[in-house]
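The next block is structure_31.pdb, given as PDB, C-alpha atoms.
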```pdb
ATOM      1  CA  MET P 285      26.602  35.477  -3.263
ATOM      2  CA  GLY P 286      23.019  35.837  -4.483
ATOM      3  CA  GLY P 287      24.262  35.827  -8.092
ATOM      4  CA  MET P 288      26.139  32.617  -7.476
ATOM      5  CA  LEU P 289      23.020  30.896  -6.160
ATOM      6  CA  TRP P 290      21.091  32.128  -9.168
ATOM      7  CA  GLN P 291      23.667  30.566 -11.487
ATOM      8  CA  LEU P 292      23.486  27.235  -9.697
ATOM      9  CA  ASP P 293      19.677  27.278  -9.740
ATOM     10  CA  ALA P 294      19.552  28.316 -13.396
ATOM     11  CA  GLY P 295      21.528  25.260 -14.417
ATOM     12  CA  ALA P 296      19.562  22.821 -12.285
ATOM     13  CA  PRO P 297      17.205  20.522 -14.180
ATOM     14  CA  ASP P 298      13.492  20.871 -13.582
ATOM     15  CA  CYS P 299      12.918  17.734 -11.497
ATOM     16  CA  HIS P 300       9.233  17.474 -12.419
ATOM     17  CA  LYS P 301       9.997  17.743 -16.116
ATOM     18  CA  PHE P 302      12.810  15.182 -15.801
ATOM     19  CA  LYS P 303      10.518  12.723 -13.987
ATOM     20  CA  ASP P 304       7.788  13.196 -16.603
ATOM     21  CA  GLU P 305      10.327  12.498 -19.357
ATOM     22  CA  GLN P 306      11.492   9.363 -17.533
ATOM     23  CA  ASP P 307       7.883   8.178 -17.142
ATOM     24  CA  MET P 308       7.242   8.800 -20.842
ATOM     25  CA  ASP P 309      10.401   6.879 -21.800
ATOM     26  CA  THR P 310       9.389   3.985 -19.539
ATOM     27  CA  LYS P 311       5.869   3.959 -20.985
ATOM     28  CA  ALA P 312       7.217   4.061 -24.550
ATOM     29  CA  ILE P 313       9.541   1.139 -23.815
ATOM     30  CA  ALA P 314       6.706  -0.810 -22.190
ATOM     31  CA  GLU P 315       4.419  -0.092 -25.153
ATOM     32  CA  GLN P 316       7.116  -1.232 -27.586
ATOM     33  CA  LYS P 317       7.621  -4.419 -25.581
ATOM     34  CA  LEU P 318       3.863  -5.104 -25.655
ATOM     35  CA  LYS P 319       3.838  -4.685 -29.435
ATOM     36  CA  GLU P 320       6.698  -7.180 -29.714
ATOM     37  CA  ILE P 321       4.811  -9.648 -27.498
ATOM     38  CA  GLU P 322       1.661  -9.208 -29.626
ATOM     39  CA  GLU P 323       3.693 -10.048 -32.741
ATOM     40  CA  ILE P 324       5.072 -13.165 -31.048
ATOM     41  CA  ALA P 325       1.562 -14.172 -29.944
ATOM     42  CA  ALA P 326       0.254 -13.707 -33.493
ATOM     43  CA  GLY P 327       2.970 -16.104 -34.609
ATOM     44  CA  TRP P 328       1.867 -18.586 -31.944
ATOM     45  CA  GLY P 329      -1.666 -18.274 -33.292
ATOM     46  CA  LYS P 330      -0.452 -19.246 -36.757
ATOM     47  CA  LEU P 331       1.497 -22.181 -35.298
ATOM     48  CA  LEU P 332      -1.589 -23.269 -33.363
ATOM     49  CA  ALA P 333      -3.714 -23.212 -36.511
ATOM     50  CA  ARG P 334      -1.143 -25.276 -38.448
ATOM     51  CA  GLU P 335      -0.715 -27.706 -35.551
ATOM     52  CA  TYR P 336      -4.439 -28.298 -35.053
ATOM     53  CA  PHE P 337      -5.284 -28.332 -38.745
ATOM     54  CA  PRO P 338      -2.124 -29.429 -40.612
ATOM     55  CA  GLY P 339      -3.963 -29.415 -43.954
ATOM     56  CA  GLY P 340      -6.141 -26.439 -43.065
ATOM     57  CA  PRO P 341      -9.592 -26.626 -41.480
ATOM     58  CA  GLY P 342     -12.176 -28.559 -43.437
ATOM     59  CA  LEU P 343     -15.265 -26.896 -44.791
ATOM     60  CA  ASP P 344     -17.249 -28.501 -41.958
ATOM     61  CA  VAL P 345     -15.303 -26.493 -39.305
ATOM     62  CA  SER P 346     -17.217 -23.398 -38.228
ATOM     63  CA  LEU P 347     -15.788 -20.103 -37.020
ATOM     64  CA  ALA P 348     -17.203 -20.935 -33.583
ATOM     65  CA  ASP P 349     -15.236 -24.213 -33.598
ATOM     66  CA  MET P 350     -12.074 -22.298 -34.469
ATOM     67  CA  GLU P 351     -12.705 -19.788 -31.688
ATOM     68  CA  ASP P 352     -13.217 -22.606 -29.160
ATOM     69  CA  ILE P 353      -9.798 -24.048 -30.037
ATOM     70  CA  VAL P 354      -8.133 -20.657 -29.697
ATOM     71  CA  ALA P 355      -9.972 -19.868 -26.443
ATOM     72  CA  ARG P 356      -8.599 -23.029 -24.807
ATOM     73  CA  ALA P 357      -5.091 -22.189 -25.947
ATOM     74  CA  THR P 358      -5.497 -18.618 -24.695
ATOM     75  CA  LYS P 359      -6.523 -19.847 -21.240
ATOM     76  CA  ALA P 360      -3.407 -22.006 -21.112
ATOM     77  CA  ILE P 361      -1.188 -19.070 -22.131
ATOM     78  CA  VAL P 362      -2.740 -16.793 -19.488
ATOM     79  CA  SER P 363      -2.364 -19.419 -16.753
ATOM     80  CA  GLY P 364       1.208 -20.271 -17.695
ATOM     81  CA  ALA P 365       2.293 -16.647 -17.926
ATOM     82  CA  VAL P 366       0.617 -15.544 -14.672
ATOM     83  CA  GLU P 367       1.948 -18.561 -12.778
ATOM     84  CA  THR P 368       5.482 -17.889 -14.034
ATOM     85  CA  MET P 369       5.411 -14.140 -13.327
ATOM     86  CA  THR P 370       3.986 -14.519  -9.808
ATOM     87  CA  ALA P 371       6.530 -17.265  -9.005
ATOM     88  CA  ASP P 372       9.330 -14.968 -10.200
ATOM     89  CA  GLN P 373       7.990 -12.190  -7.947
ATOM     90  CA  ALA P 374       7.764 -14.556  -4.968
ATOM     91  CA  ASP P 375      11.368 -15.653  -5.555
ATOM     92  CA  GLN P 376      12.455 -12.036  -5.065
ATOM     93  CA  LEU P 377      11.131 -12.125  -1.493
ATOM     94  CA  GLY P 378      13.722 -14.650  -0.417
ATOM     95  CA  VAL P 379      13.249 -17.330   2.226
ATOM     96  CA  GLN P 380      12.424 -15.049   5.172
ATOM     97  CA  ALA P 381      10.334 -11.947   5.791
ATOM     98  CA  ALA P 382       9.711  -9.687   8.767
ATOM     99  CA  CYS P 383       6.488 -10.226  10.670
ATOM    100  CA  PRO P 384       4.320  -7.124  10.208
ATOM    101  CA  GLY P 385       3.329  -7.330  13.889
ATOM    102  CA  CYS P 386       6.610  -7.679  15.769
ATOM    103  CA  GLY P 387       9.266  -7.458  13.069
ATOM    104  CA  ARG P 388      10.741 -10.894  13.817
ATOM    105  CA  MET P 389      12.232 -12.621  10.760
ATOM    106  CA  CYS P 390      10.124 -15.639   9.874
ATOM    107  CA  GLU P 391      10.581 -18.423   7.362
ATOM    108  CA  LEU P 392       8.432 -18.245   4.260
ATOM    109  CA  GLN P 393       6.666 -21.308   2.921
ATOM    110  CA  ARG P 394       4.816 -21.651  -0.374
ATOM    111  CA  LYS P 395       1.168 -22.661  -0.240
ATOM    112  CA  PRO P 396      -0.810 -23.482  -3.363
ATOM    113  CA  ARG P 397      -3.770 -21.274  -4.177
ATOM    114  CA  THR P 398      -5.933 -21.131  -7.285
ATOM    115  CA  VAL P 399      -7.013 -17.651  -8.320
ATOM    116  CA  ALA P 400      -9.358 -16.419 -11.015
ATOM    117  CA  VAL P 401      -7.623 -14.473 -13.773
ATOM    118  CA  ARG P 402      -8.920 -13.035 -17.014
ATOM    119  CA  GLY P 403      -9.616 -15.955 -19.260
ATOM    120  CA  GLY P 404      -9.535 -18.677 -16.613
ATOM    121  CA  SER P 405      -7.563 -19.529 -13.495
ATOM    122  CA  ALA P 406      -3.976 -19.786 -12.345
ATOM    123  CA  ASP P 407      -2.377 -21.951  -9.680
ATOM    124  CA  LEU P 408      -0.088 -19.827  -7.537
ATOM    125  CA  ALA P 409       2.563 -20.852  -5.031
ATOM    126  CA  GLU P 410       1.803 -18.057  -2.574
ATOM    127  CA  PRO P 411       4.458 -17.045  -0.034
ATOM    128  CA  VAL P 412       3.163 -17.372   3.537
ATOM    129  CA  GLY P 413       4.971 -16.582   6.756
ATOM    130  CA  HIS P 414       4.063 -17.757  10.236
ATOM    131  CA  CYS P 415       5.237 -15.840  13.277
ATOM    132  CA  PRO P 416       5.507 -18.041  16.386
ATOM    133  CA  THR P 417       5.780 -14.930  18.592
ATOM    134  CA  CYS P 418       2.555 -13.305  17.340
ATOM    135  CA  ARG P 419       0.943 -16.635  16.453
ATOM    136  CA  ARG P 420      -0.227 -15.298  13.149
ATOM    137  CA  ASP P 421       0.170 -16.026   9.487
ATOM    138  CA  PHE P 422       1.074 -13.213   7.117
ATOM    139  CA  PHE P 423       1.358 -12.850   3.380
ATOM    140  CA  PRO P 424       4.231 -10.622   2.268
ATOM    141  CA  SER P 425       3.385  -8.808  -0.916
ATOM    142  CA  ALA P 426       5.648  -9.340  -3.862
TER
END
```
Re-express the file's structure as structure tokens.
Amino acid sequence: MGGMLWQLDAGAPDCHKFKDEQDMDTKAIAEQKLKEIEEIAAGWGKLLAREYFPGGPGLDVSLADMEDIVARATKAIVSGAVETMTADQADQLGVQAACPGCGRMCELQRKPRTVAVRGGSADLAEPVGHCPTCRRDFFPSA
């Protein structure tokens, strides 16, 4: 019987090694996706330049002027992306959540909140629950 257990154990995958390989695969995929997004963003930068200066910037346009234009566009991209991603997360919560105090299911509302993000601010529609039993508001995390 001991030999049989040894055979089963010998064929079992090393769970730690398997998890590390999964993490590495996930990180590699995420890194590849970021590279793709950077390429897309570089294309947006070229479109922005052509849109703002259809004939190219004049000789009177300084590098600082160019950076100011790009900085404003960057703020808009950050805000739009963060607002979209946080709204998508909030949608995953559904329309009700359990009160952390008593566990009662409570309706979730969306309340606007402006938060500081890198490069500017974003307007979030934050999910908020109110428990009539506990008489408390709670903010389920997405």
Please expand the PyMOL selection byres ((chain P and resi 370-387) around 9) into the concrete residues it hits in this file, giving the result as a PyMOL selection string. chain P and resi 365-369+388-394+408-411+413-415+417-418+420-422+424-426
For the file shown, what are the residues hit by the PyMOL selection byres ((chain P and resi 358) around 12), laid out as an MDAnalysis selection string? chainID P and resid 325:326 328:329 332 351:357 359:365 401:405
Report, in Å with one decimal, the straight-line distance from atom CA of Gly342 of chain P to atom CA of Glu322 of chain P. 27.5 Å
Around all of segment 391-401 of chain P's listed atoms, make the axis-aligned box with 8 Å on each side and tell me centre and edge lengths in Å to one decimal, as JSON.
```
{"center_x": 0.6, "center_y": -19.0, "center_z": -3.2, "size_x": 35.9, "size_y": 25.0, "size_z": 37.1}
```
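Here atom CA of Gln316 of chain P and atom CA of Leu331 of chain P stand 23.0 Å from one another.
For the pair atom CA of Ala333 of chain P and atom CA of Ala406 of chain P, the separation is 24.4 Å.
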